[in-house]
Amino acid sequence: MLKGLPSSWRASLMDPPPPATASASGAAAARNAPKAPSRAQSTPAPQPGTGASQPAAPSTNRILLPVPPRMGIAAFQSGDRFIIVVDNAEPMDTSALRGDGLFSTLSVNTLPDATLIQVRLPDTRRLYLSQQAEGWVLGDRPPPGGDDDRRVINPQYTDIGILYPMRRSGRVLSISDPASGDRLLVGTSTTDDGGILSLRNGDGYDVWPTTEGVVIAAHSARIDLKPVPSGILLTEDGKAFLDHGRAVYANDVDLKWLGLRDLPLDVLSRRYHEALLAAADSDPFHRFTRRLDAAKAAFSMGAFIEARGILTVALQDDPEEAALPDVRFVLAASALLSGDLDGASMLDGPWPASQKRAIQLWQGLYLASTGRNQAEAAHLLARDFTRLKSYPGPVRDLLLPIAAEEISRHGAPDDLAALDDLPAGSPYRLATAFRQLRSGKRDIAYAAFQTLAGDQNPQVAEKALEEKTSLDLADGHIKPDAAAEIFDTMMPDARLAGREATVRLMQADAYMQARQWNDALQAIDVARAYPDMTSKDKVAPLLSRALTGLADSPPSGPEKTSLLHDAATLKVHLPALPPGPQKGNILASYGKMLLKLGLPDDAAQAFSDAIPMLVAPDLRALAGAALAEADIERAQPQEAAQALARTDDPTLPNEIRTSRQVIAARIALATGDQAKALSLLHDSTNASALDITARIHEGRGEWAAAAGDVRRMAADIIPPTGPLTEAQQALALRLASDASQAADQPILGWITGRVGDRMLDGDRGRVFKLLTAPGGAMTASQASALP
């Protein structure tokens with residue numbers, strides 16, 4: 001263990017507590033203060049009131065620091081030491097704090113107003129902090145769940161100084177750094193608010209990278225740091241101060257890689273002009289660096305296309321520079337804000353581990369632009385939303401509304417808190433309306449959308465009208481076909497706003513609610529063809545739904561014409577669907593259409609493609625039966641039998657099993673085995689089964705058996721009242737013919753009474769009357785002579 005503090009270390013409290021709290025220091029307070037338990041991470045905490053903790057078993061990579069939640073901490077690295085400053089409001093028991101391995105160098109020194117914990121770092125490894133109920137866990141590996149999603153502190157300009165936001169700040173102490181001798185102002189936090197990501201050089205001070213809290217190296221006595229309710233405030237002579245054009249950021253990505261500067265637009269423009277001149281006058285050795293500076297200057301003033309163009313030309317002359325992460329990042333960010341999503345795809349990584357957390361904001365912007373994984377995009381943007389507020393005006397004015405809307409539409413409840421303090425303006429009122437809608441304040445949100453639908457900003461107005469129309473449709477205030485018409489009137493504005501594809505998909509949904517499947521598919525096709533379509537993940541479900549509706553809907557006109565049109569539509573769109581049960585169902589419906597159109601070969605192929613995609617046993621069995629029917633029509637009974645066999649399942653319901661038995665009988669007939677067919681259909685009351693057995697008996701001249709089968713069919717198919725269809729009349733005539741040849745007067749009497757005077761005039765009516773007239777029984781030769 002290290003003994004004592006370096007001689008240069010001194011600590012003093014910058015914000016003395018009230019006298020009542022201050023009296024807690026000293027020996028008497030130490031005796032009376034409750035002792036905080038201390039243990040290695042793997043050791044259970046002792047029960048309160050049991051006295052000092054006993055030494056615990058060491059942990060190789062994590063150790064628990066027994067810091068009560070009312071105490072604030074800051075953590076940072078100085079030289080080869082990792083330092084944790086605890087702003088003790090009361091003495092803290094550290095007698096049992098032990099460690100091994102890396103933590104064998106851990107030392108603890110208690111001062112009247114602070115506790116200093118130090119660990120020597122033998123190499124470049126990082127240390128991590130995470131807060132738990134018992135204190136803070138210090139480890140040389142990321143905490144469970146990873147470190148990428150940890151909070152960071154993003155400084156903000158305010159009217160009273162530079163604010164380092166914290167949910168609950170601790171105290172501020174002044175410490176002398178042993179490595180440099182600098183006066184360090186240390187702002188602590190009592191909650192896990194994270195730290196500053198990278199070094200920031202200001203005028204008269206430096207902001208150090210921290211793991212937790214804020215550390216300012218003050219080179220001027222005028223620099224002051226103090227706690228406020230919303231965090232830690234940096235001032236000069238107690239007041240706000242200009243930072244001479246240097247942006248207040250917390251990481252290298254914004255400040256160094258992108259070179260952002262929060263300056264007035266005229267100053268940004270002059271800076272860009274000067275950077276262009278410097279690039280033009282540069283020698284070959286400095287040429288790329290000067291061009292990169294010019295690209296960054298263009299970026300800060302919102303000239304993203306120019307920034308991308310400058311860097312593209314520079315890389316053509318010096319292609320080896322493209323390997324540098326900062327160069328790649330400027331190029332990708334410029335591409336994103338120029339509308340080139342392919343060029344911006346580099347933002348999705350990979351990037352150096354040390355910059356991974358800082359890059360998440362731009363990854364969120366990229367995901368939001370692509371329209372995929374929008375919940376993740378909203379979360380990443382919410383984490384660093386305050387960073388955007390400090391960006392240069394031209395960049396901020398573009399990105400902040402995008403981020404606000406993405407968070408409000410797709411953020412989790414915790415993410416929505418980032419929108420608590422939005423600027424004025426209709427884009428932010430729109431984001432607030434989406435937040436209200438998702439928070440259950442539907443009436444307030446609807447009123448806001450209704451107002452914003454007439455906003456002068458065409459993009460805001462178009463989005464508000466979208467949402468108002470969707471709410472009206474969902475609430476039943478307008479019909480689906482009317483909603484589709486309203487969406488159609490939005491297209492010019494939607495095209496200008498870059499949202500035509502989104503509105504087309506909303507229109508497709510309205511058409512589907514109106515069961516206008518072809519119109520829905522047309523709208524989806526237009527959306528898919530849109531060059532900047534960012535809702536690709538929404539297309540497949542809508543397309544699948546529209547194709548399913550089309551496949552399952554009855555013909556909308558003459559049957560054959562309608563079937564031809566629908567089958568052709570399905571054939572064109574099926575390749576766009578990903579393989580899966582939904583596509584398998586649609587393929588099966590497509591195969592049935594082809595079978596009705598007299599195309600058994602094409603139908604068999606559709607069924608064969610569908611079966612491997614179907615998971616449910618009943619759906620596989622139905623598709624297998626349909627394939628067997630196609631094979632029967634193709635005169636391939638053996639293939640039909642195989643189709644039934646490979647789609648069989650012992651759990652099939654009786655209805656499906658009976659229908660497959662009928663197909664098995666048809667296969668037997670196709671092979672000439674009438675006895676097997678009759679055996680399979682023995683005692684079956686299924687109409688299709690009765691039809692087959694009746695035909696077998698008719699073919700054999702077994703008229704009594706045939707008449708009995710047809711009689712059972714007719715009882716189910718021919719209604720006692722109402723007009724008769726062509727098929728019902730044909731069935732009645734068939735029964736009369738079979739019963740007449742069997743001389744079965746009871747059946748003839750039954751069918752006469754069942755039909756009554758509903759038989760149509762013409763040959764069919766005259767033959768029926770002749771067959772059912774008293775004494776109308778005839779021989780087979782007489783029946784065959786009838787027209």
# chains A, B, ... in the order shown; residues from 1 in each chain; ligands from 1
>>> residues_around(residues="segment 224-240 of chain A", least_positions_apart="5", cutoff="6 Å", atoms="only C-alpha atoms", output="PyMOL selection string")
chain A and resi 160-166+169
>>> select_by_dssp(residues="segment 484-710 of chain A", states="alpha helix (DSSP H)", output="ChimeraX atom specification")
/A:484-489,491-496,500-513,517-529,536-552,559-573,581-596,600-610,617-633,637-646,654-670,674-680,687-700,703-710
>>> closest_residue(among="A:Phe76, A:Gly753, A:Leu547, A:Leu129", to="Pro209 of chain A", atoms="only C-alpha atoms")
A:Phe76
>>> closest_residue(among="A:Arg754, A:Arg620, A:Arg695, A:Lys389", to="Gln156 of chain A", atoms="only C-alpha atoms")
A:Lys389
>>> atom_distance(atom1="atom CA of His410 of chain A", atom2="atom CA of Ala445 of chain A")
15.7 Å
>>> residues_around(residues="segment 355-360 of chain A", least_positions_apart="3", cutoff="9 Å", atoms="only C-alpha atoms", output="list in words")
Asp147, Asp148, Asp149, Arg150, Val152, Leu197, Ala250, Asn251, Asp252, Val253, Asp254, Leu347, Asp348, Gly349, Pro350, Trp351, Pro352, Gln363, Gly364, Leu365, Leu380, Leu381, Arg383 and Asp384 of chain A
>>> write_last_selection(atoms="C-alpha atoms", output="compact mmCIF listing (two decimals), in the first residue's frame")
# COMPACT_ATOMS: atom_id res chain seq x y z
CA ASP A 147 -19.78 1.08 -20.73
CA ASP A 148 -20.92 2.49 -24.08
CA ASP A 149 -24.31 3.57 -22.80
CA ARG A 150 -22.99 5.40 -19.76
CA VAL A 152 -21.40 11.74 -20.24
CA LEU A 197 -14.72 12.55 -22.70
CA ALA A 250 -16.74 17.31 -24.34
CA ASN A 251 -15.00 15.16 -26.94
CA ASP A 252 -12.49 15.06 -29.76
CA VAL A 253 -15.07 14.15 -32.40
CA ASP A 254 -16.82 17.52 -32.26
CA LEU A 347 -20.62 6.49 -39.36
CA ASP A 348 -21.95 3.12 -38.29
CA GLY A 349 -18.37 2.05 -37.51
CA PRO A 350 -16.02 0.62 -36.65
CA TRP A 351 -14.14 3.42 -34.86
CA PRO A 352 -11.38 3.62 -32.26
CA GLN A 363 -24.37 7.08 -35.33
CA GLY A 364 -27.79 8.06 -34.00
CA LEU A 365 -28.11 10.75 -36.67
CA LEU A 380 -28.33 7.55 -28.94
CA LEU A 381 -29.59 11.04 -29.78
CA ARG A 383 -27.99 10.56 -24.60
CA ASP A 384 -26.12 13.49 -26.19
>>> select_by_dssp(residues="segment 203-257 of chain A", states="strand (DSSP E or B)", output="list of chain:residue names")
A:Tyr205, A:Asp206, A:Val207, A:Thr210, A:Thr211, A:Glu212, A:Val214, A:Val215, A:Ile216, A:Ala217, A:Ala218, A:Ile223, A:Asp224, A:Leu225, A:Lys226, A:Pro227, A:Val228, A:Gly231, A:Ile232, A:Leu233, A:Leu234, A:Thr235, A:Glu236, A:Lys239
>>> residues_around(residues="Glu406 of chain A", least_positions_apart="6", cutoff="9 Å", atoms="only C-alpha atoms", output="ChimeraX atom specification")
/A:368,374-375,377-378,381,431
>>> write_last_selection(atoms="N, CA, C and O atoms", output="PDB file, in the first residue's frame")
ATOM      1  N   ALA A 368     -31.160   7.529 -37.737  1.00  0.00           N
ATOM      2  CA  ALA A 368     -32.402   8.283 -37.919  1.00  0.00           C
ATOM      3  C   ALA A 368     -32.627   8.605 -39.388  1.00  0.00           C
ATOM      4  O   ALA A 368     -33.763   8.572 -39.884  1.00  0.00           O
ATOM      5  N   GLN A 374     -34.975   2.676 -35.371  1.00  0.00           N
ATOM      6  CA  GLN A 374     -35.227   4.040 -34.935  1.00  0.00           C
ATOM      7  C   GLN A 374     -35.273   4.174 -33.417  1.00  0.00           C
ATOM      8  O   GLN A 374     -34.962   5.247 -32.891  1.00  0.00           O
ATOM      9  N   ALA A 375     -35.634   3.123 -32.706  1.00  0.00           N
ATOM     10  CA  ALA A 375     -35.591   3.196 -31.246  1.00  0.00           C
ATOM     11  C   ALA A 375     -34.160   3.377 -30.767  1.00  0.00           C
ATOM     12  O   ALA A 375     -33.895   4.171 -29.854  1.00  0.00           O
ATOM     13  N   ALA A 377     -31.733   4.700 -32.574  1.00  0.00           N
ATOM     14  CA  ALA A 377     -31.339   6.044 -32.993  1.00  0.00           C
ATOM     15  C   ALA A 377     -31.817   7.079 -31.988  1.00  0.00           C
ATOM     16  O   ALA A 377     -31.057   7.980 -31.588  1.00  0.00           O
ATOM     17  N   ALA A 378     -33.062   6.962 -31.552  1.00  0.00           N
ATOM     18  CA  ALA A 378     -33.606   7.919 -30.592  1.00  0.00           C
ATOM     19  C   ALA A 378     -32.844   7.862 -29.273  1.00  0.00           C
ATOM     20  O   ALA A 378     -32.572   8.900 -28.651  1.00  0.00           O
ATOM     21  N   LEU A 381     -29.425   9.590 -29.673  1.00  0.00           N
ATOM     22  CA  LEU A 381     -29.589  11.038 -29.777  1.00  0.00           C
ATOM     23  C   LEU A 381     -29.981  11.650 -28.433  1.00  0.00           C
ATOM     24  O   LEU A 381     -29.529  12.746 -28.095  1.00  0.00           O
ATOM     25  N   ALA A 431     -42.294  18.373 -32.381  1.00  0.00           N
ATOM     26  CA  ALA A 431     -41.703  17.311 -31.557  1.00  0.00           C
ATOM     27  C   ALA A 431     -42.451  17.180 -30.232  1.00  0.00           C
ATOM     28  O   ALA A 431     -42.717  16.068 -29.753  1.00  0.00           O
TER      29      ALA A 431
END
>>> atom_distance(atom1="atom CA of Gln522 of chain A", atom2="atom CA of Leu543 of chain A")
10.2 Å
>>> closest_residue(among="A:His219, A:His273, A:Arg435, A:Arg634", to="Ala294 of chain A", atoms="only C-alpha atoms")
A:His273
>>> closest_residue(among="A:Met613, A:Ile663, A:Asp262, A:Gly195", to="Leu627 of chain A", atoms="only C-alpha atoms")
A:Ile663
>>> residues_around(residues="segment 448-464 of chain A", least_positions_apart="6", cutoff="8 Å", atoms="only C-alpha atoms", output="list in words")
Ser426, Pro427, Arg429, Leu430, Ala433, Met490, Asp493, Ala494, Leu496 and Ala497 of chain A
>>> write_last_selection(atoms="N, CA, C and O atoms", output="PDB file, in the first residue's frame")
ATOM      1  N   SER A 426     -41.660  26.211 -34.580  1.00  0.00           N
ATOM      2  CA  SER A 426     -42.635  25.178 -34.936  1.00  0.00           C
ATOM      3  C   SER A 426     -42.035  23.777 -35.040  1.00  0.00           C
ATOM      4  O   SER A 426     -42.725  22.806 -34.714  1.00  0.00           O
ATOM      5  N   PRO A 427     -40.759  23.578 -35.480  1.00  0.00           N
ATOM      6  CA  PRO A 427     -40.237  22.197 -35.491  1.00  0.00           C
ATOM      7  C   PRO A 427     -40.219  21.578 -34.102  1.00  0.00           C
ATOM      8  O   PRO A 427     -40.441  20.373 -33.954  1.00  0.00           O
ATOM      9  N   ARG A 429     -42.263  22.556 -31.579  1.00  0.00           N
ATOM     10  CA  ARG A 429     -43.651  22.351 -31.176  1.00  0.00           C
ATOM     11  C   ARG A 429     -44.179  21.039 -31.765  1.00  0.00           C
ATOM     12  O   ARG A 429     -44.989  20.341 -31.139  1.00  0.00           O
ATOM     13  N   LEU A 430     -43.720  20.725 -32.975  1.00  0.00           N
ATOM     14  CA  LEU A 430     -44.110  19.450 -33.591  1.00  0.00           C
ATOM     15  C   LEU A 430     -43.561  18.283 -32.773  1.00  0.00           C
ATOM     16  O   LEU A 430     -44.283  17.307 -32.501  1.00  0.00           O
ATOM     17  N   ALA A 433     -45.560  17.856 -29.715  1.00  0.00           N
ATOM     18  CA  ALA A 433     -46.856  17.226 -29.985  1.00  0.00           C
ATOM     19  C   ALA A 433     -46.709  15.709 -30.087  1.00  0.00           C
ATOM     20  O   ALA A 433     -47.553  14.957 -29.563  1.00  0.00           O
ATOM     21  N   MET A 490     -51.311  15.477 -50.449  1.00  0.00           N
ATOM     22  CA  MET A 490     -50.083  15.905 -49.766  1.00  0.00           C
ATOM     23  C   MET A 490     -48.819  15.694 -50.598  1.00  0.00           C
ATOM     24  O   MET A 490     -47.765  16.188 -50.237  1.00  0.00           O
ATOM     25  N   ASP A 493     -46.109  18.529 -51.418  1.00  0.00           N
ATOM     26  CA  ASP A 493     -45.364  18.988 -50.242  1.00  0.00           C
ATOM     27  C   ASP A 493     -44.491  17.872 -49.677  1.00  0.00           C
ATOM     28  O   ASP A 493     -43.372  18.126 -49.205  1.00  0.00           O
ATOM     29  N   ALA A 494     -44.999  16.656 -49.704  1.00  0.00           N
ATOM     30  CA  ALA A 494     -44.213  15.532 -49.207  1.00  0.00           C
ATOM     31  C   ALA A 494     -42.962  15.323 -50.040  1.00  0.00           C
ATOM     32  O   ALA A 494     -41.888  15.003 -49.516  1.00  0.00           O
ATOM     33  N   LEU A 496     -41.325  17.692 -51.652  1.00  0.00           N
ATOM     34  CA  LEU A 496     -40.403  18.766 -51.291  1.00  0.00           C
ATOM     35  C   LEU A 496     -39.744  18.491 -49.942  1.00  0.00           C
ATOM     36  O   LEU A 496     -38.583  18.852 -49.730  1.00  0.00           O
ATOM     37  N   ALA A 497     -40.477  17.874 -49.036  1.00  0.00           N
ATOM     38  CA  ALA A 497     -39.937  17.583 -47.707  1.00  0.00           C
ATOM     39  C   ALA A 497     -39.133  16.294 -47.673  1.00  0.00           C
ATOM     40  O   ALA A 497     -38.596  15.929 -46.625  1.00  0.00           O
TER      41      ALA A 497
END
>>> residues_around(residues="Gln729 of chain A", least_positions_apart="3", cutoff="12 Å", atoms="only C-alpha atoms", output="ChimeraX atom specification")
/A:714,717-719,723-726,732-736,751-752,754-761,763-765,767-768
>>> residues_around(residues="Leu265 of chain A", least_positions_apart="3", cutoff="8 Å", atoms="only C-alpha atoms", output="list in words")
Leu268, Ser269, Met301, Gly393 and Pro394 of chain A
>>> write_last_selection(atoms="N, CA, C and O atoms", output="PDB file, in the first residue's frame")
ATOM      1  N   LEU A 268     -17.783  32.775 -39.142  1.00  0.00           N
ATOM      2  CA  LEU A 268     -17.593  31.441 -39.730  1.00  0.00           C
ATOM      3  C   LEU A 268     -17.293  31.550 -41.220  1.00  0.00           C
ATOM      4  O   LEU A 268     -16.442  30.824 -41.765  1.00  0.00           O
ATOM      5  N   SER A 269     -17.994  32.452 -41.901  1.00  0.00           N
ATOM      6  CA  SER A 269     -17.771  32.643 -43.331  1.00  0.00           C
ATOM      7  C   SER A 269     -16.364  33.162 -43.597  1.00  0.00           C
ATOM      8  O   SER A 269     -15.678  32.707 -44.528  1.00  0.00           O
ATOM      9  N   MET A 301     -19.864  26.136 -41.010  1.00  0.00           N
ATOM     10  CA  MET A 301     -20.789  27.166 -41.480  1.00  0.00           C
ATOM     11  C   MET A 301     -21.974  26.582 -42.248  1.00  0.00           C
ATOM     12  O   MET A 301     -22.774  27.306 -42.823  1.00  0.00           O
ATOM     13  N   GLY A 393     -24.434  27.538 -35.146  1.00  0.00           N
ATOM     14  CA  GLY A 393     -25.812  27.779 -35.561  1.00  0.00           C
ATOM     15  C   GLY A 393     -26.234  27.050 -36.817  1.00  0.00           C
ATOM     16  O   GLY A 393     -27.282  26.380 -36.828  1.00  0.00           O
ATOM     17  N   PRO A 394     -25.474  27.118 -37.917  1.00  0.00           N
ATOM     18  CA  PRO A 394     -25.908  26.449 -39.154  1.00  0.00           C
ATOM     19  C   PRO A 394     -26.040  24.931 -38.997  1.00  0.00           C
ATOM     20  O   PRO A 394     -26.923  24.323 -39.603  1.00  0.00           O
TER      21      PRO A 394
END
